[in-house]
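Student: What follows is a single structure, and I will ask about it in a moment.
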Amino acid sequence: MLQIDQFTYGWLTPTLAYVMSVIGSLLALRCMVRARANPGHRGWIVTAAVALGGTGVWVMHFIAMLGFSVHGATIRYNIPVTLISAAIAVVVVWIGLSLVSRRQGDTSALLTGGAVTGLGVAAMHYAGMYAMKTDVAMHYDPWRVIVSIVIAVVAATAALWFALHVEGLFATIGSAMIMGVAVCGMHYTGMYAMQAHMADHMQAPSGAQANELLTPLIIGVSMVTLLLFLQVGITDIHEPDLSRIRGQRASRYWPSSTESEPAAAEPFAREEHPADETHRHRR
């Protein structure tokens with residue numbers, strides 16, 4: 001059995017992976033606060049799914065993979081499968097968030113959403129591992145795989161519960177740190193399920209090197225995360241009510257004078273002209 005190293009660069013990659021997982025979780029929780037305050041705006045749920053699935057899960061996974069190596073083996077990555085794994089992470093998180101937000105307070109919806117999201121996150125993890133091609137034989141310990149899936153389901157259920165109930169800033173930060181531990185725990189449990197062996201007739205793998213593929217993808221998703229943070233920072237939790245504005249274009253964040261104009265005009269409408277009053281007395 002060949003030696004597998006999860007920490008080729010020391011604690012750099014696991015630390016960065018955990019930080020990105022916490023950032024993605026924190027952004028997703030803040031987006032869900034706005035989604036709860038504005039139920040008609042489904043865009044916040046999509047944003048939360050991109051943050052949690054894209055940054056909190058997918059980016060965390062592949063940053064950790066930058067520190068993964070097998071002694072004496074060449075590692076390459078299949079680009080289409082890697083991109084598919086990112087799509088899986090975002091879609092399953094969106095499904096889970098949509099399910100629990102539509103049926104808030106329903107325990108069965110929470111458990112169903114957690115199971116769907118957790119299984120999807122596990123599918124993303126092992127799809128990402130399938131995207132990794134080597135010139136050695138790779139095997140998985142089935143019991144450790146099962147444990148990693150259970151961790152994924154429990155972590156996803158907890159994340160959905162946090163998304164429905166957490167509001168305060170300090171509570172959000174604490175919840176995001178817990179979610180980061182759960183996501184990283186699921187990842188490294190799944191990685192320790194892997195075993196590598198030399199095998200005959202193995203060909204040199206084709207695909208992109210880790211630095212060539214993962215670095216630009218991680219940077220790209222991280223930039224999107226930064227833009228989402230800016231979006232969350234400049235928007236109010238409770239958006240203004242524009243339902244009373246009629247027949248004009250108005251800014252969403254500036255009060256309209258439409259309601260004040262009739263009230264201001266009303267006294268003048270009731271006031272009689274002085275000439276009319278004089279004419280009445282003369283008669």
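Going through the structure tokens in order, the chains are called A, B, and so on, while each chain numbers its residues from 1 and the ligands are numbered from 1 in the order shown.
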What parts of region 27-274 of chain A does DSSP call helix (DSSP H, G or I)? I'd like the answer as a ChimeraX atom specification.

Tutor: /A:27-37,43-66,79-102,107-130,142-165,169-192,210-234,260-270,274

Student: Just asking: which residues within region 58-242 of chain A are strand (DSSP E or B) according to DSSP, as a list in words?

Tutor: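 Here are the strand (DSSP E or B) residues of region 58-242 of chain A: Ser69, Val70, Ile75, Arg76, Tyr77, Met132, Lys133, Thr134, Ala137, Met138, His139, Tyr140, Met194, Gln195, Ala196, His197 and Ala208 of chain A.
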
Student: Residues of region 63-164 of chain A that approach region 4-15 of chain A to 10 Å or less, counting only C-alpha atoms: could you list each one with the shortest pair of atoms and its distance in Å to one decimal, rows by chain and increasing residue number, as a tab-separated table?

Tutor:
```
residue	atom	partner	partner_atom	distance
A:Ile63	CA	A:Thr13	CA	6.1
A:Ala64	CA	A:Thr13	CA	5.4
A:Met65	CA	A:Gln6	CA	7.8
A:Leu66	CA	A:Thr13	CA	6.9
A:Gly67	CA	A:Thr8	CA	4.7
A:Phe68	CA	A:Gln6	CA	4.5
A:Ser69	CA	A:Asp5	CA	5.3
A:Val70	CA	A:Ile4	CA	4.6
A:His71	CA	A:Ile4	CA	6.3
A:Gly72	CA	A:Ile4	CA	9.7
A:Ala73	CA	A:Ile4	CA	9.7
```

Student: Convert the current residue selection to file output with C-alpha atoms, as a PDB file, in the first residue's frame.

Tutor:
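Okay, this is what ended up in part.pdb:
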```pdb
ATOM      1  CA  ILE A  63      -8.295  23.654  -1.463  1.00  0.00           C
ATOM      2  CA  ALA A  64      -7.815  20.617   0.769  1.00  0.00           C
ATOM      3  CA  MET A  65      -7.080  18.555  -2.360  1.00  0.00           C
ATOM      4  CA  LEU A  66      -4.167  20.851  -3.184  1.00  0.00           C
ATOM      5  CA  GLY A  67      -2.437  19.310  -0.169  1.00  0.00           C
ATOM      6  CA  PHE A  68      -3.264  15.735  -1.204  1.00  0.00           C
ATOM      7  CA  SER A  69      -0.525  13.561  -2.690  1.00  0.00           C
ATOM      8  CA  VAL A  70       0.307   9.878  -3.146  1.00  0.00           C
ATOM      9  CA  HIS A  71       3.936   8.865  -2.858  1.00  0.00           C
ATOM     10  CA  GLY A  72       5.233   7.838  -6.272  1.00  0.00           C
ATOM     11  CA  ALA A  73       1.975   8.626  -8.110  1.00  0.00           C
TER      12      ALA A  73
END
```

Student: Select, from A:Leu2, A:Ala35, A:Thr157, A:Lys133, the residue with the minimum atom-to-atom distance to Ser108 (chain A), counting only C-alpha atoms.

Tutor: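 Closest candidate: A:Thr157.
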
Student: Do you know which residues are at most 7 Å from Ser85 (chain A) counting only C-alpha atoms, after dropping those on the same chain fewer than 6 positions away, and could you put them as a ChimeraX atom specification?

Tutor: /A:124,127-128

Student: What does the distance from CA of Val100 (chain A) to CA of Ala51 (chain A) come to in Å, to one decimal?

Tutor: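 A separation of 17.2 Å between them.
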
Student: Which is closer to Tyr126 (chain A) than all the others in A:Ala182, A:Ala48, A:Ala193, A:Ala156, using only C-alpha atoms?

Tutor: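 Of the candidates, the smallest distance to Tyr126 (chain A) is held by A:Ala193.
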
Student: Write out as a CSV table (one decimal) with C-alpha atoms, in the first residue's frame the residues lying within 8 Å of region 150-152 of chain A, counting only C-alpha atoms and excluding same-chain residues fewer than 4 positions away.

Tutor:
```
chain,number,residue,atom,x,y,z
A,118,GLY,CA,-26.1,15.7,2.8
A,119,LEU,CA,-26.3,12.9,0.2
A,121,VAL,CA,-22.7,17.0,-0.7
A,122,ALA,CA,-21.3,13.4,-0.4
A,146,ILE,CA,-20.5,5.3,5.3
A,156,ALA,CA,-26.4,19.4,6.2
A,182,ALA,CA,-18.6,19.7,10.0
A,183,VAL,CA,-17.7,20.2,6.4
A,185,GLY,CA,-14.7,16.6,9.1
A,186,MET,CA,-16.8,15.1,6.3
```
